[in-house]
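The file upload_6.pdb comes next; it holds PDB, C-alpha atoms.
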```pdb
ATOM      1  CA  MET A   1       0.000   0.000   0.000
ATOM      2  CA  THR A   2       1.369   3.399  -0.948
ATOM      3  CA  LYS A   3       0.985   6.591   1.055
ATOM      4  CA  CYS A   4      -1.592   7.908  -1.464
ATOM      5  CA  GLU A   5      -3.599   4.679  -1.280
ATOM      6  CA  LEU A   6      -3.537   4.766   2.517
ATOM      7  CA  LYS A   7      -4.681   8.386   2.676
ATOM      8  CA  SER A   8      -7.487   7.605   0.247
ATOM      9  CA  GLU A   9      -8.663   4.658   2.374
ATOM     10  CA  LEU A  10      -8.448   6.712   5.574
ATOM     11  CA  ASN A  11     -10.475   9.503   3.937
ATOM     12  CA  LYS A  12     -13.166   6.972   2.982
ATOM     13  CA  ILE A  13     -13.669   6.056   6.644
ATOM     14  CA  ARG A  14     -13.291   9.707   7.679
ATOM     15  CA  VAL A  15     -10.140   9.436   9.787
ATOM     16  CA  SER A  16      -8.858  12.896  10.666
ATOM     17  CA  GLU A  17      -5.305  13.730   9.591
ATOM     18  CA  ARG A  18      -4.749  14.774  13.218
ATOM     19  CA  SER A  19      -4.989  11.092  14.166
ATOM     20  CA  TYR A  20      -1.844   9.977  12.352
ATOM     21  CA  SER A  21       1.542  11.064  11.022
ATOM     22  CA  LEU A  22       3.218   9.371   8.064
ATOM     23  CA  ASN A  23       6.898  10.185   8.498
ATOM     24  CA  GLU A  24       5.896  13.833   9.045
ATOM     25  CA  GLY A  25       6.889  14.319  12.683
ATOM     26  CA  VAL A  26       5.198  13.582  15.981
ATOM     27  CA  LYS A  27       1.603  14.572  16.755
ATOM     28  CA  THR A  28      -0.133  14.220  20.119
ATOM     29  CA  ASP A  29      -2.866  11.576  20.417
ATOM     30  CA  ALA A  30      -1.875  10.053  17.102
ATOM     31  CA  TYR A  31      -0.444   6.957  15.487
ATOM     32  CA  ILE A  32       3.032   7.665  14.173
ATOM     33  CA  ILE A  33       4.941   5.971  11.381
ATOM     34  CA  GLU A  34       8.602   6.964  11.068
ATOM     35  CA  LYS A  35      11.489   5.619   9.052
ATOM     36  CA  HIS A  36      14.704   4.901  10.959
ATOM     37  CA  ASN A  37      17.469   3.668   8.671
ATOM     38  CA  ASP A  38      15.829   0.742   6.839
ATOM     39  CA  ILE A  39      13.121   0.064   9.449
ATOM     40  CA  TRP A  40       9.657   1.585   9.698
ATOM     41  CA  LYS A  41       8.573   2.244  13.293
ATOM     42  CA  PHE A  42       4.889   2.363  14.266
ATOM     43  CA  TYR A  43       3.676   3.631  17.647
ATOM     44  CA  TYR A  44       0.982   5.635  19.405
ATOM     45  CA  PHE A  45       2.022   8.968  20.972
ATOM     46  CA  ASP A  46      -0.351  10.070  23.757
ATOM     47  CA  GLU A  47      -1.125  13.460  25.305
ATOM     48  CA  LYS A  48       1.412  12.878  28.093
ATOM     49  CA  GLY A  49       4.245  12.280  25.645
ATOM     50  CA  GLN A  50       4.265   8.533  26.183
ATOM     51  CA  GLU A  51       4.841   6.116  23.328
ATOM     52  CA  SER A  52       3.038   2.760  23.200
ATOM     53  CA  ASP A  53       1.908   0.004  20.840
ATOM     54  CA  TYR A  54       5.330  -0.360  19.176
ATOM     55  CA  ASN A  55       5.655  -2.323  15.985
ATOM     56  CA  LEU A  56       8.530  -2.492  13.520
ATOM     57  CA  PHE A  57       8.265  -3.175   9.799
ATOM     58  CA  LYS A  58      10.745  -3.845   7.024
ATOM     59  CA  SER A  59       8.654  -1.998   4.455
ATOM     60  CA  GLU A  60       6.687   1.210   4.283
ATOM     61  CA  GLU A  61       3.797  -0.662   2.660
ATOM     62  CA  ASP A  62       3.503  -3.085   5.583
ATOM     63  CA  ALA A  63       3.484  -0.224   8.092
ATOM     64  CA  TYR A  64       0.734   1.566   6.153
ATOM     65  CA  SER A  65      -1.366  -1.583   5.897
ATOM     66  CA  PHE A  66      -0.991  -2.095   9.648
ATOM     67  CA  LEU A  67      -2.174   1.466  10.360
ATOM     68  CA  LEU A  68      -5.248   1.036   8.174
ATOM     69  CA  GLU A  69      -6.121  -2.192   9.974
ATOM     70  CA  LYS A  70      -5.737  -0.410  13.350
ATOM     71  CA  PHE A  71      -8.358   2.147  12.382
ATOM     72  CA  LYS A  72     -10.668  -0.488  10.899
ATOM     73  CA  GLU A  73     -10.342  -2.478  14.130
ATOM     74  CA  GLN A  74     -11.364   0.585  16.144
ATOM     75  CA  LEU A  75     -14.403   1.089  13.930
ATOM     76  CA  LYS A  76     -15.417  -2.521  14.389
ATOM     77  CA  LEU A  77     -15.180  -2.160  18.177
ATOM     78  CA  LEU A  78     -17.289   0.991  18.023
ATOM     79  CA  GLY A  79     -19.806  -0.666  15.713
ATOM     80  CA  LYS A  80     -19.437   2.104  13.132
ATOM     81  CA  LYS A  81     -18.597   2.331   9.436
ATOM     82  CA  SER A  82     -16.745   5.653   9.705
ATOM     83  CA  PHE A  83     -15.390   8.019  12.345
TER      84      PHE A  83
END
```

Can you give me the file's structure in the form of structure tokens?
Amino acid sequence: MTKCELKSELNKIRVSERSYSLNEGVKTDAYIIEKHNDIWKFYYFDEKGQESDYNLFKSEEDAYSFLLEKFKEQLKLLGKKSF
């Protein structure tokens, strides 16, 4: 999955751009994807500056797919089709 494809899918389910960062710096209360050398790091950055839910990926595409599934999982738990 490319960055454009991910953003398109996130727009379809109405995920705010404030809820994630795709190698664009850290945002509060957001899922973050950052590239470090050849590894893509995924984590959640909360309002207290704490990082949690770490996952590492070898490819950008895998990290993006994981993020999309995270949001879809949240929707399923909420019983909604969009945010």

Q: May I have the residues at most 12 Å from (10.0, -6.0, 1.5) in the file's coordinates, counting all atoms listed in the file, as an MDAnalysis selection string?
A: chainID A and resid 1 38:40 57:63

(Q) Once the PyMOL selection byres ((chain A and resi 27) around 12) has been evaluated on this model, what residues remain selected, and can you format them as a VMD selection string? (A) chain A and resid 17 to 26 28 to 34 43 to 51

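In this model, the gap between atom CA of A:Arg14 and atom CA of A:Asp53 comes to 22.3 Å.
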
Q: Rounded to one decimal place, report the atom CA of A:Ile13-atom CA of A:Lys35 distance in Å.
A: 25.3 Å

**Q.** Atomic distance atom CA of A:Lys76 - atom CA of A:Val15, expressed in Å with one decimal
**A.**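 That distance, rounded to one decimal, is 13.9 Å.
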
Give me the box for stretch 40-56 of chain A as AutoDock Vina command-line options, namely the centre and edge lengths in Å to one decimal of a box along x, y and z that holds every listed atom plus 8 Å on each side.
```
--center_x 4.3 --center_y 5.5 --center_z 18.9 --size_x 26.8 --size_y 32.0 --size_z 34.4
```

Q: Between A:Ser52, A:Glu5, A:Lys12, A:Phe42, single out the one closest to A:Lys72, counting all atoms listed in the file.
A: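 The answer is A:Lys12, which sits nearest to A:Lys72.
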